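File shown: target-v3.pdb. Contents: PDB, C-alpha atoms.
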```pdb
ATOM      1  CA  MET I   1      27.757   0.794   9.244
ATOM      2  CA  PRO I   2      26.161   4.294   9.287
ATOM      3  CA  GLU I   3      23.723   4.815  12.135
ATOM      4  CA  LEU I   4      20.749   5.674   9.866
ATOM      5  CA  LYS I   5      21.251   2.491   7.855
ATOM      6  CA  LEU I   6      21.221   0.484  11.097
ATOM      7  CA  ARG I   7      17.928   2.037  12.164
ATOM      8  CA  ILE I   8      16.455   1.347   8.735
ATOM      9  CA  LEU I   9      17.611  -2.272   8.998
ATOM     10  CA  GLU I  10      15.848  -2.651  12.360
ATOM     11  CA  ILE I  11      12.559  -2.102  10.530
ATOM     12  CA  LEU I  12      13.446  -3.741   7.232
ATOM     13  CA  ARG I  13      15.224  -6.924   8.297
ATOM     14  CA  PRO I  14      12.389  -8.908   9.976
ATOM     15  CA  PRO I  15      10.062 -10.805   7.590
ATOM     16  CA  GLN I  16       7.002  -8.636   7.161
ATOM     17  CA  LEU I  17       3.962  -7.697   5.146
ATOM     18  CA  ALA I  18       4.671  -4.592   3.041
ATOM     19  CA  SER I  19       2.775  -2.733   0.356
ATOM     20  CA  PHE I  20       4.438  -3.082  -3.037
ATOM     21  CA  ALA I  21       3.543  -0.577  -5.765
ATOM     22  CA  THR I  22       4.280  -1.021  -9.455
ATOM     23  CA  VAL I  23       3.247   0.564 -12.733
ATOM     24  CA  THR I  24       0.949  -1.300 -15.110
ATOM     25  CA  GLY I  25       1.424  -1.556 -18.847
ATOM     26  CA  GLY I  26      -1.103   1.255 -19.190
ATOM     27  CA  GLY I  27       0.969   3.569 -16.998
ATOM     28  CA  LYS I  28      -1.342   3.285 -13.991
ATOM     29  CA  PRO I  29      -0.234   2.521 -10.436
ATOM     30  CA  TRP I  30      -1.034  -0.808  -8.814
ATOM     31  CA  VAL I  31      -0.417  -1.961  -5.262
ATOM     32  CA  ARG I  32      -0.622  -5.184  -3.306
ATOM     33  CA  TYR I  33       0.828  -6.649  -0.122
ATOM     34  CA  VAL I  34       3.838  -8.951  -0.161
ATOM     35  CA  PHE I  35       5.777 -10.887   2.478
ATOM     36  CA  CYS I  36       9.314  -9.619   2.186
ATOM     37  CA  GLN I  37      12.660  -9.763   3.919
ATOM     38  CA  ALA I  38      15.812  -7.654   3.594
ATOM     39  CA  ASP I  39      19.492  -8.486   3.901
ATOM     40  CA  ASP I  40      22.268  -6.360   5.416
ATOM     41  CA  GLU I  41      22.740  -4.511   2.126
ATOM     42  CA  LEU I  42      19.072  -3.366   2.260
ATOM     43  CA  THR I  43      18.201  -5.574  -0.710
ATOM     44  CA  ILE I  44      14.602  -6.721  -0.345
ATOM     45  CA  ARG I  45      13.337 -10.086  -1.542
ATOM     46  CA  PHE I  46      10.019 -11.889  -1.785
ATOM     47  CA  ALA I  47       8.739 -14.967  -3.568
ATOM     48  CA  SER I  48       6.393 -14.754  -6.505
ATOM     49  CA  PHE I  49       4.711 -16.893  -9.102
ATOM     50  CA  ARG I  50       6.384 -16.523 -12.476
ATOM     51  CA  ASP I  51       3.115 -15.600 -14.228
ATOM     52  CA  SER I  52       1.871 -13.096 -11.615
ATOM     53  CA  ARG I  53       0.709  -9.613 -12.571
ATOM     54  CA  LYS I  54       3.490  -8.041 -10.519
ATOM     55  CA  VAL I  55       6.155  -9.901 -12.502
ATOM     56  CA  VAL I  56       4.651  -8.754 -15.796
ATOM     57  CA  GLN I  57       4.592  -5.180 -14.478
ATOM     58  CA  ILE I  58       8.194  -5.316 -13.225
ATOM     59  CA  LEU I  59       9.377  -6.566 -16.602
ATOM     60  CA  GLY I  60       7.635  -3.580 -18.211
ATOM     61  CA  ASP I  61       8.855  -0.997 -15.694
ATOM     62  CA  PRO I  62      11.308  -1.906 -12.913
ATOM     63  CA  GLU I  63      10.618   1.264 -10.881
ATOM     64  CA  VAL I  64       8.837   0.173  -7.684
ATOM     65  CA  HIS I  65       7.937   1.437  -4.245
ATOM     66  CA  LEU I  66       7.484  -0.311  -0.903
ATOM     67  CA  THR I  67       6.000   0.921   2.348
ATOM     68  CA  CYS I  68       7.371  -1.137   5.239
ATOM     69  CA  GLY I  69       6.353  -1.057   8.874
ATOM     70  CA  ALA I  70       3.275   1.139   8.443
ATOM     71  CA  GLY I  71       0.853  -1.679   9.269
ATOM     72  CA  SER I  72       2.688  -3.158  12.218
ATOM     73  CA  PRO I  73       1.042  -2.685  15.611
ATOM     74  CA  GLY I  74       3.328  -0.840  17.996
ATOM     75  CA  GLN I  75       5.615   0.277  15.189
ATOM     76  CA  PRO I  76       5.677   4.083  15.276
ATOM     77  CA  ARG I  77       8.168   4.415  12.411
ATOM     78  CA  TYR I  78       7.869   3.270   8.844
ATOM     79  CA  LEU I  79       9.864   3.284   5.639
ATOM     80  CA  GLN I  80       9.145   4.618   2.165
ATOM     81  CA  VAL I  81      11.392   2.687  -0.193
ATOM     82  CA  GLN I  82      12.095   3.578  -3.811
ATOM     83  CA  GLY I  83      13.977   1.002  -5.818
ATOM     84  CA  ARG I  84      14.353  -1.056  -8.937
ATOM     85  CA  ALA I  85      13.071  -4.588  -9.091
ATOM     86  CA  GLU I  86      13.925  -7.649 -11.101
ATOM     87  CA  PHE I  87      12.428 -11.119 -11.183
ATOM     88  CA  CYS I  88      15.142 -13.726 -10.613
ATOM     89  CA  THR I  89      14.864 -17.380 -11.491
ATOM     90  CA  ASP I  90      18.526 -18.344 -11.280
ATOM     91  CA  SER I  91      19.370 -21.236  -9.020
ATOM     92  CA  ALA I  92      21.328 -19.163  -6.490
ATOM     93  CA  GLU I  93      18.412 -16.820  -5.798
ATOM     94  CA  ARG I  94      15.807 -19.610  -5.761
ATOM     95  CA  HIS I  95      17.756 -21.762  -3.333
ATOM     96  CA  GLY I  96      19.092 -18.820  -1.313
ATOM     97  CA  PHE I  97      15.625 -17.478  -0.561
ATOM     98  CA  TRP I  98      13.852 -20.826  -0.193
ATOM     99  CA  LYS I  99      12.197 -21.530   3.161
ATOM    100  CA  GLY I 100       9.812 -24.165   4.427
ATOM    101  CA  SER I 101       6.821 -21.837   4.492
ATOM    102  CA  LEU I 102       6.937 -21.667   0.683
ATOM    103  CA  GLU I 103       6.152 -25.396   0.440
ATOM    104  CA  GLN I 104       2.453 -24.474   0.656
ATOM    105  CA  TYR I 105       2.734 -22.742  -2.709
ATOM    106  CA  PHE I 106       5.583 -24.376  -4.608
ATOM    107  CA  SER I 107       6.839 -27.934  -4.955
ATOM    108  CA  GLY I 108      10.389 -26.843  -4.093
ATOM    109  CA  PRO I 109      13.105 -24.355  -5.002
ATOM    110  CA  ASP I 110      13.278 -25.783  -8.509
ATOM    111  CA  ASP I 111       9.529 -25.429  -9.150
ATOM    112  CA  PRO I 112       9.357 -23.716 -12.570
ATOM    113  CA  ASN I 113       6.588 -21.419 -11.323
ATOM    114  CA  TYR I 114       8.742 -20.124  -8.454
ATOM    115  CA  GLY I 115      10.980 -17.068  -8.588
ATOM    116  CA  VAL I 116      12.277 -14.282  -6.376
ATOM    117  CA  VAL I 117      11.542 -10.608  -6.786
ATOM    118  CA  VAL I 118      14.679  -8.687  -5.820
ATOM    119  CA  VAL I 119      14.327  -4.994  -5.043
ATOM    120  CA  ARG I 120      17.464  -2.860  -4.809
ATOM    121  CA  PRO I 121      16.551   0.410  -3.081
ATOM    122  CA  TYR I 122      18.180   3.655  -4.132
ATOM    123  CA  ARG I 123      16.319   5.935  -1.707
ATOM    124  CA  ILE I 124      14.718   5.147   1.651
ATOM    125  CA  GLU I 125      12.819   7.602   3.811
ATOM    126  CA  LEU I 126      12.577   6.795   7.515
ATOM    127  CA  CYS I 127       9.353   8.452   8.658
ATOM    128  CA  THR I 128       8.513   9.111  12.280
ATOM    129  CA  PRO I 129       4.981  10.341  13.051
ATOM    130  CA  GLY I 130       5.126  13.858  14.457
ATOM    131  CA  SER I 131       8.441  14.592  12.790
ATOM    132  CA  PRO I 132       8.090  17.168   9.990
ATOM    133  CA  GLN I 133      10.719  15.683   7.687
ATOM    134  CA  PRO I 134      11.811  12.096   7.078
ATOM    135  CA  GLU I 135      15.411  11.010   7.443
ATOM    136  CA  VAL I 136      16.697  10.020   4.016
ATOM    137  CA  TRP I 137      19.139   7.331   2.976
ATOM    138  CA  ASP I 138      20.380   7.585  -0.605
ATOM    139  CA  LYS I 139      22.355   4.883  -2.315
ATOM    140  CA  GLU I 140      25.908   5.989  -3.039
ATOM    141  CA  GLY I 141      26.162   6.930  -6.686
ATOM    142  CA  GLY I 142      22.398   7.369  -7.047
ATOM    143  CA  PRO I 143      19.915   5.059  -8.766
TER     144      PRO I 143
ATOM    145  CA  MET D   1     -19.776 -16.639  -2.629
ATOM    146  CA  GLU D   2     -22.979 -14.950  -3.777
ATOM    147  CA  ASP D   3     -22.684 -11.387  -5.049
ATOM    148  CA  ASN D   4     -24.683  -9.947  -2.179
ATOM    149  CA  GLN D   5     -22.553 -11.728   0.413
ATOM    150  CA  ALA D   6     -19.388 -10.374  -1.128
ATOM    151  CA  LEU D   7     -20.810  -6.854  -1.214
ATOM    152  CA  GLN D   8     -21.766  -7.096   2.459
ATOM    153  CA  ARG D   9     -18.226  -8.174   3.312
ATOM    154  CA  VAL D  10     -16.813  -5.204   1.403
ATOM    155  CA  ARG D  11     -19.161  -2.781   3.149
ATOM    156  CA  GLY D  12     -18.202  -4.221   6.523
ATOM    157  CA  TYR D  13     -14.522  -4.171   5.710
ATOM    158  CA  LEU D  14     -14.625  -0.514   4.643
ATOM    159  CA  ARG D  15     -16.565   0.384   7.782
ATOM    160  CA  ASP D  16     -14.303  -1.525  10.189
ATOM    161  CA  HIS D  17     -10.914  -0.431   8.849
ATOM    162  CA  ARG D  18      -9.280   2.965   8.906
ATOM    163  CA  VAL D  19      -6.086   2.933   6.861
ATOM    164  CA  ALA D  20      -5.771   2.571   3.098
ATOM    165  CA  THR D  21      -2.563   2.256   1.124
ATOM    166  CA  LEU D  22      -2.809   4.664  -1.789
ATOM    167  CA  ALA D  23      -0.531   4.155  -4.795
ATOM    168  CA  SER D  24       0.006   6.964  -7.273
ATOM    169  CA  CYS D  25       2.414   7.596 -10.140
ATOM    170  CA  GLY D  26       4.675  10.568 -10.762
ATOM    171  CA  ASP D  27       7.875  11.573 -12.522
ATOM    172  CA  GLN D  28       9.837   9.474 -10.044
ATOM    173  CA  GLY D  29       7.795   6.319 -10.476
ATOM    174  CA  PRO D  30       5.145   4.713  -8.276
ATOM    175  CA  TRP D  31       4.594   5.811  -4.679
ATOM    176  CA  ALA D  32       2.510   4.147  -1.966
ATOM    177  CA  ALA D  33       1.302   6.104   1.060
ATOM    178  CA  ALA D  34      -0.848   5.125   4.019
ATOM    179  CA  VAL D  35      -3.861   7.412   4.503
ATOM    180  CA  PHE D  36      -6.706   7.438   7.011
ATOM    181  CA  TYR D  37     -10.029   7.272   5.188
ATOM    182  CA  ALA D  38     -13.753   7.546   5.729
ATOM    183  CA  ASN D  39     -16.266   6.381   3.158
ATOM    184  CA  ARG D  40     -19.779   6.738   1.903
ATOM    185  CA  GLY D  41     -20.608   3.639  -0.085
ATOM    186  CA  SER D  42     -17.836   2.952  -2.552
ATOM    187  CA  THR D  43     -16.429   6.501  -2.393
ATOM    188  CA  LEU D  44     -13.489   7.055  -0.055
ATOM    189  CA  TYR D  45     -12.490  10.398   1.447
ATOM    190  CA  PHE D  46      -9.128  11.303   2.886
ATOM    191  CA  LEU D  47      -7.107  14.372   3.789
ATOM    192  CA  SER D  48      -3.456  15.071   3.083
ATOM    193  CA  ALA D  49      -0.941  17.870   2.818
ATOM    194  CA  PRO D  50      -0.966  19.186  -0.763
ATOM    195  CA  LYS D  51       2.840  19.093  -0.888
ATOM    196  CA  SER D  52       3.022  15.411   0.056
ATOM    197  CA  ARG D  53       4.418  13.189  -2.669
ATOM    198  CA  HIS D  54       1.133  11.405  -3.322
ATOM    199  CA  CYS D  55      -0.840  14.673  -3.607
ATOM    200  CA  LEU D  56       1.730  16.155  -5.982
ATOM    201  CA  ASN D  57       1.382  13.001  -8.074
ATOM    202  CA  LEU D  58      -2.436  13.241  -8.014
ATOM    203  CA  ALA D  59      -2.320  16.818  -9.288
ATOM    204  CA  HIS D  60      -0.768  15.503 -12.503
ATOM    205  CA  ASN D  61      -2.216  11.998 -12.683
ATOM    206  CA  PRO D  62      -5.416  11.181 -10.779
ATOM    207  CA  GLN D  63      -5.158   7.435 -11.456
ATOM    208  CA  VAL D  64      -4.654   5.503  -8.226
ATOM    209  CA  ALA D  65      -4.633   1.989  -6.831
ATOM    210  CA  VAL D  66      -5.631   1.178  -3.265
ATOM    211  CA  THR D  67      -5.429  -1.707  -0.822
ATOM    212  CA  ILE D  68      -7.146  -1.951   2.535
ATOM    213  CA  GLN D  69      -6.159  -4.779   4.800
ATOM    214  CA  GLU D  70      -4.693  -5.762   8.135
ATOM    215  CA  ASP D  71      -1.261  -6.984   9.047
ATOM    216  CA  TYR D  72      -1.259 -10.751   8.487
ATOM    217  CA  SER D  73       1.484 -13.222   9.264
ATOM    218  CA  ASP D  74       0.452 -15.813   6.694
ATOM    219  CA  TRP D  75      -0.288 -15.430   3.002
ATOM    220  CA  LEU D  76      -3.240 -17.760   3.337
ATOM    221  CA  GLU D  77      -4.898 -15.522   5.924
ATOM    222  CA  ILE D  78      -4.824 -12.375   3.813
ATOM    223  CA  LYS D  79      -8.181 -10.760   3.185
ATOM    224  CA  GLY D  80      -8.914  -7.271   2.061
ATOM    225  CA  ILE D  81      -9.942  -4.835  -0.613
ATOM    226  CA  GLN D  82      -7.955  -3.962  -3.700
ATOM    227  CA  PHE D  83      -9.079  -1.424  -6.262
ATOM    228  CA  GLU D  84      -8.107   0.985  -8.981
ATOM    229  CA  GLY D  85      -9.782   4.337  -9.371
ATOM    230  CA  VAL D  86      -9.545   8.088  -9.678
ATOM    231  CA  ALA D  87      -8.679  10.533  -6.895
ATOM    232  CA  LEU D  88      -9.698  14.176  -7.019
ATOM    233  CA  GLU D  89      -9.379  17.157  -4.691
ATOM    234  CA  ILE D  90     -12.753  18.365  -3.417
ATOM    235  CA  SER D  91     -14.121  21.582  -1.937
ATOM    236  CA  GLY D  92     -17.379  23.252  -0.921
ATOM    237  CA  ALA D  93     -20.343  21.036  -0.028
ATOM    238  CA  GLU D  94     -18.465  17.858  -0.824
ATOM    239  CA  GLU D  95     -15.609  18.862   1.458
ATOM    240  CA  ALA D  96     -18.174  19.524   4.182
ATOM    241  CA  LEU D  97     -19.560  16.015   3.662
ATOM    242  CA  ALA D  98     -16.059  14.553   3.831
ATOM    243  CA  ARG D  99     -15.339  16.460   7.043
ATOM    244  CA  ARG D 100     -18.563  15.163   8.585
ATOM    245  CA  LEU D 101     -17.892  11.533   7.633
ATOM    246  CA  TYR D 102     -14.292  11.849   8.760
ATOM    247  CA  GLY D 103     -15.336  13.389  12.059
ATOM    248  CA  GLN D 104     -17.700  10.480  12.685
ATOM    249  CA  LYS D 105     -14.938   7.956  12.108
ATOM    250  CA  PHE D 106     -12.134   9.932  13.752
ATOM    251  CA  PRO D 107     -13.660  11.948  16.599
ATOM    252  CA  VAL D 108     -10.451  13.885  17.221
ATOM    253  CA  VAL D 109     -10.981  15.510  13.820
ATOM    254  CA  GLY D 110     -14.699  16.041  14.342
ATOM    255  CA  LEU D 111     -14.243  17.778  17.675
ATOM    256  CA  LEU D 112     -11.750  20.409  16.617
ATOM    257  CA  ALA D 113     -12.478  22.636  19.600
ATOM    258  CA  GLN D 114     -11.153  19.883  21.858
ATOM    259  CA  ALA D 115      -8.358  18.645  19.598
ATOM    260  CA  PRO D 116      -4.691  19.052  20.535
ATOM    261  CA  ALA D 117      -3.153  22.239  19.123
ATOM    262  CA  ALA D 118      -0.770  20.264  16.906
ATOM    263  CA  ILE D 119      -3.717  18.555  15.190
ATOM    264  CA  VAL D 120      -5.618  21.825  14.705
ATOM    265  CA  LYS D 121      -2.497  23.374  13.168
ATOM    266  CA  ALA D 122      -1.921  20.399  10.890
ATOM    267  CA  LEU D 123      -5.555  20.280   9.737
ATOM    268  CA  ALA D 124      -5.405  23.938   8.697
ATOM    269  CA  LYS D 125      -2.891  22.993   5.994
ATOM    270  CA  VAL D 126      -4.582  19.937   4.492
ATOM    271  CA  ARG D 127      -6.739  19.431   1.420
ATOM    272  CA  TRP D 128      -9.571  16.970   1.054
ATOM    273  CA  TYR D 129      -9.803  14.300  -1.611
ATOM    274  CA  ARG D 130     -12.237  11.685  -2.842
ATOM    275  CA  ILE D 131     -11.444   8.383  -4.500
ATOM    276  CA  ASP D 132     -13.950   6.721  -6.791
ATOM    277  CA  PRO D 133     -13.086   3.113  -7.583
ATOM    278  CA  THR D 134     -13.449   2.053 -11.207
ATOM    279  CA  ARG D 135     -12.733  -1.624 -10.511
ATOM    280  CA  LEU D 136     -12.828  -3.176  -7.049
ATOM    281  CA  TYR D 137     -12.029  -6.646  -5.727
ATOM    282  CA  PHE D 138     -12.419  -8.436  -2.433
ATOM    283  CA  VAL D 139      -9.340 -10.578  -1.874
ATOM    284  CA  ASP D 140      -9.650 -13.682   0.296
ATOM    285  CA  ASN D 141      -6.741 -16.084   0.210
ATOM    286  CA  SER D 142      -8.558 -18.442   2.585
ATOM    287  CA  LEU D 143     -10.695 -19.366  -0.439
ATOM    288  CA  GLY D 144      -7.574 -20.135  -2.467
ATOM    289  CA  LEU D 145      -4.309 -18.318  -3.024
ATOM    290  CA  GLY D 146      -4.938 -15.199  -5.096
ATOM    291  CA  SER D 147      -8.716 -15.585  -4.864
ATOM    292  CA  ARG D 148     -10.426 -12.282  -5.560
ATOM    293  CA  GLU D 149     -13.988 -11.409  -6.431
ATOM    294  CA  GLU D 150     -14.945  -8.331  -8.429
ATOM    295  CA  ILE D 151     -17.637  -6.171  -6.847
ATOM    296  CA  GLY D 152     -20.118  -4.150  -8.906
ATOM    297  CA  LEU D 153     -19.723  -0.369  -8.749
ATOM    298  CA  PRO D 154     -20.797   2.022  -7.481
ATOM    299  CA  PHE D 155     -22.513   0.809  -4.318
ATOM    300  CA  SER D 156     -24.171   2.617  -1.434
ATOM    301  CA  ASP D 157     -23.987   2.027   2.305
ATOM    302  CA  LEU D 158     -27.491   0.603   2.266
ATOM    303  CA  GLU D 159     -28.243  -3.064   1.870
ATOM    304  CA  ASP D 160     -29.879  -3.934  -1.437
TER     305      ASP D 160
END
```
Go through the file and emit its structure as structure tokens.
Amino acid sequence: MPELKLRILEILRPPQLASFATVTGGGKPWVRYVFCQADDELTIRFASFRDSRKVVQILGDPEVHLTCGAGSPGQPRYLQVQGRAEFCTDSAERHGFWKGSLEQYFSGPDDPNYGVVVVRPYRIELCTPGSPQPEVWDKEGGP
Amino acid sequence: MEDNQALQRVRGYLRDHRVATLASCGDQGPWAAAVFYANRGSTLYFLSAPKSRHCLNLAHNPQVAVTIQEDYSDWLEIKGIQFEGVALEISGAEEALARRLYGQKFPVVGLLAQAPAAIVKALAKVRWYRIDPTRLYFVDNSLGLGSREEIGLPFSDLED
């Protein structure tokens, strides 16, 4: 695996609070915090209610942005992630992402209100304070 | 929660925190950036390099969304401020006000004569901006998941 991707994964892989920006139906930005987790392919996932504002916004415009690591104490580096999001309700995603901590919010992985937002990044900037330029990972083949 | 209580919590939260996540929109979609802010009442001030992605976006579309909160490990603990508004570059007397407020909150900026050379050099290249919220909420998941209370705007630093 390329060395930059490994360093990005160090920040992205642990479950964390990240800012998640979307575009509203009126073309305005919106941002909120989400608890997310990434896999080895840099795909980012987090749980959401089916009728949430973010899901409505993703369905209207899948272009999204995440900032990861910026709020973590002792974390000098952070990531700026551009990607495309989709809201998944298929059984594989629901059951694959399900964890006990979600029982506070949903009755189980088959709860009809439960789904998984899946973000597939196409560009990630690894930013280090004091460094003039970020290191950039681009998905092969582009967005 | 009574209106006045909520407003006091918002004032305290703005005063006690330093970093806002600023979301803007440009040709390449949404973009969220962390900025250090100072505030007077409901108006936030921040500085950034004019060539940064968020400032380039603001030059074409001043609509923004902002969150201010801490790092939490549990959804149910999350509290903070969420708002939408308009961000504009400022100059002259308003820039002087922003510099003064910023210097009070971040002494390293206020005491330029004693600041490290790298900071002095960086500050010479920045522009100053204000953000005026048009709709602002205080989020408190401890009162129920997704609980948020709208706060009347604008408000001052003074108690009513």
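Candidate residues I:Leu66, I:Ile124, I:Leu102, I:Val118 were compared for distance to I:Asp90, and the nearest is I:Val118, using all atoms listed in the file.
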**Request:** Taking all atoms listed in the file into account, report as a PyMOL selection string which residues of chain I lie within 7 Å of chain D.
**Result:** chain I and resi 17+21-23+28-32+63-67+71-72
**Complete:** Expressed in Å, the length from atom CA of I:Cys88 to atom CA of I:Pro143 is 19.5 Å
**Asked** Of the candidates D:Tyr45, D:Asp140, D:Pro133, D:Arg127, which one gets nearest to D:Gly152 if we count all atoms listed in the file?
**Response** D:Pro133
**Message:** Residues within 12 Å of I:Pro129, please, as a list of chain:residue names. Count only C-alpha atoms; anything in the same chain fewer than 5 positions from it doesn't count.
**Reply:** I:Ala70, I:Gln75, I:Pro76, I:Arg77, I:Tyr78, I:Leu79, I:Pro134, I:Glu135, D:Ala34
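Atom CA of D:Ser42 to atom CA of D:Lys105 spans 15.8 Å [interatomic distance, one decimal].
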**Item:** Nearest candidate to D:Ala124 (options D:Val139, D:Ala98, D:Gly144, D:Ala49; using only C-alpha atoms)
**Value:** D:Ala49
**Request:** Point out the residue among I:Phe46, I:Thr128, I:Gly96, I:Gln133 with the least atom-to-atom distance to I:Arg7, counting only C-alpha atoms.
**Result:** I:Thr128
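Separating atom CA of I:Val55 from atom CA of I:Gln82 is a distance of 17.1 Å.
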**Prompt:** What's the 9 Å shell around I:Leu59, counting only C-alpha atoms, without same-chain residues fewer than 2 positions away, as JSON, numbers by chain?
**Reply:** {"I": [54, 55, 56, 57, 61, 62, 85, 86, 87]}
**Asked** Using all atoms listed in the file, which residues sit within 12 Å of D:Glu89 once same-chain residues fewer than 2 positions away are excluded, as an MDAnalysis selection string?
**Response** chainID D and resid 44:50 55:56 58:62 86:87 91:92 94:95 98 126:132
Same residues, C-alpha atoms, saved as a CSV table (one decimal), in the coordinates of the input:
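Contents of the output file out.csv:
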```csv
chain,number,residue,atom,x,y,z
D,44,LEU,CA,-13.5,7.1,-0.1
D,45,TYR,CA,-12.5,10.4,1.4
D,46,PHE,CA,-9.1,11.3,2.9
D,47,LEU,CA,-7.1,14.4,3.8
D,48,SER,CA,-3.5,15.1,3.1
D,49,ALA,CA,-0.9,17.9,2.8
D,50,PRO,CA,-1.0,19.2,-0.8
D,55,CYS,CA,-0.8,14.7,-3.6
D,56,LEU,CA,1.7,16.2,-6.0
D,58,LEU,CA,-2.4,13.2,-8.0
D,59,ALA,CA,-2.3,16.8,-9.3
D,60,HIS,CA,-0.8,15.5,-12.5
D,61,ASN,CA,-2.2,12.0,-12.7
D,62,PRO,CA,-5.4,11.2,-10.8
D,86,VAL,CA,-9.5,8.1,-9.7
D,87,ALA,CA,-8.7,10.5,-6.9
D,91,SER,CA,-14.1,21.6,-1.9
D,92,GLY,CA,-17.4,23.3,-0.9
D,94,GLU,CA,-18.5,17.9,-0.8
D,95,GLU,CA,-15.6,18.9,1.5
D,98,ALA,CA,-16.1,14.6,3.8
D,126,VAL,CA,-4.6,19.9,4.5
D,127,ARG,CA,-6.7,19.4,1.4
D,128,TRP,CA,-9.6,17.0,1.1
D,129,TYR,CA,-9.8,14.3,-1.6
D,130,ARG,CA,-12.2,11.7,-2.8
D,131,ILE,CA,-11.4,8.4,-4.5
D,132,ASP,CA,-14.0,6.7,-6.8
```
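Take the candidates I:Ala47, I:Ala18, I:Cys36, I:Val136 and check each one against I:Lys5 using all atoms listed in the file; the shortest distance goes to I:Val136.
Across the chains present, the PyMOL selection byres ((chain I and resi 40) around 9) applied to this file returns Leu6, Leu9, Arg13, Ala38, Asp39, Glu41, Leu42 and Thr43 of chain I.
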Selection export as a PDB file, keeping the file's coordinate frame, atoms kept: C-alpha atoms:
```
ATOM      1  CA  LEU I   6      21.221   0.484  11.097  1.00  0.00           C
ATOM      2  CA  LEU I   9      17.611  -2.272   8.998  1.00  0.00           C
ATOM      3  CA  ARG I  13      15.224  -6.924   8.297  1.00  0.00           C
ATOM      4  CA  ALA I  38      15.812  -7.654   3.594  1.00  0.00           C
ATOM      5  CA  ASP I  39      19.492  -8.486   3.901  1.00  0.00           C
ATOM      6  CA  GLU I  41      22.740  -4.511   2.126  1.00  0.00           C
ATOM      7  CA  LEU I  42      19.072  -3.366   2.260  1.00  0.00           C
ATOM      8  CA  THR I  43      18.201  -5.574  -0.710  1.00  0.00           C
TER       9      THR I  43
END
```
**Request:** Please provide the set of residues having any atom within 9 Å of I:Asp138, restricted to all atoms listed in the file, with same-chain residues fewer than 2 positions apart removed, written as a PyMOL selection string.
**Result:** chain I and resi 121-125+136+140-143
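The smallest atom-to-atom distance between I:Gly27 and any of I:Arg50, I:Gln104, I:Gly60, I:Ala92, using all atoms listed in the file, is found for I:Gly60.
Applied to the file shown here, the PyMOL selection byres ((chain I and resi 98) around 10) selects the residues Phe46, Ala47, Ala92, Glu93, Arg94, His95, Gly96, Phe97, Lys99, Gly100, Ser101, Leu102, Glu103, Gly108, Pro109, Asp110, Tyr114, Gly115 and Val116 of chain I.
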**Prompt:** Using all atoms listed in the file, which residues sit within 9 Å of D:Gly110 once same-chain residues fewer than 4 positions away are excluded, as a list of chain:residue names?
**Reply:** D:Arg99, D:Arg100, D:Leu101, D:Tyr102, D:Gly103, D:Gln104, D:Lys105, D:Phe106, D:Ala115
Rebuild N, CA and C atoms on stretch 70-81 of chain D, as a compact mmCIF listing (two decimals), in the coordinates of the input?
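The resulting file, part13.txt, is reproduced below:
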```txt
# COMPACT_ATOMS: atom_id res chain seq x y z
N GLU D 70 -5.38 -5.75 6.85
CA GLU D 70 -4.69 -5.76 8.14
C GLU D 70 -3.30 -6.33 7.96
N ASP D 71 -2.56 -6.35 9.05
CA ASP D 71 -1.26 -6.98 9.05
C ASP D 71 -1.47 -8.47 9.30
N TYR D 72 -1.12 -9.30 8.34
CA TYR D 72 -1.26 -10.75 8.49
C TYR D 72 0.12 -11.39 8.54
N SER D 73 0.19 -12.55 9.18
CA SER D 73 1.48 -13.22 9.26
C SER D 73 1.57 -14.40 8.30
N ASP D 74 0.47 -14.66 7.59
CA ASP D 74 0.45 -15.81 6.69
C ASP D 74 -0.27 -15.41 5.41
N TRP D 75 0.33 -15.72 4.29
CA TRP D 75 -0.29 -15.43 3.00
C TRP D 75 -1.73 -15.93 2.93
N LEU D 76 -1.93 -17.13 3.48
CA LEU D 76 -3.24 -17.76 3.34
C LEU D 76 -4.31 -17.08 4.18
N GLU D 77 -3.91 -16.22 5.09
CA GLU D 77 -4.90 -15.52 5.92
C GLU D 77 -5.34 -14.20 5.30
N ILE D 78 -4.60 -13.74 4.30
CA ILE D 78 -4.82 -12.38 3.81
C ILE D 78 -6.23 -12.20 3.23
N LYS D 79 -6.89 -11.19 3.73
CA LYS D 79 -8.18 -10.76 3.18
C LYS D 79 -8.10 -9.25 3.03
N GLY D 80 -8.91 -8.72 2.16
CA GLY D 80 -8.91 -7.27 2.06
C GLY D 80 -9.48 -6.79 0.75
N ILE D 81 -9.38 -5.49 0.57
CA ILE D 81 -9.94 -4.84 -0.61
C ILE D 81 -8.80 -4.30 -1.46
```
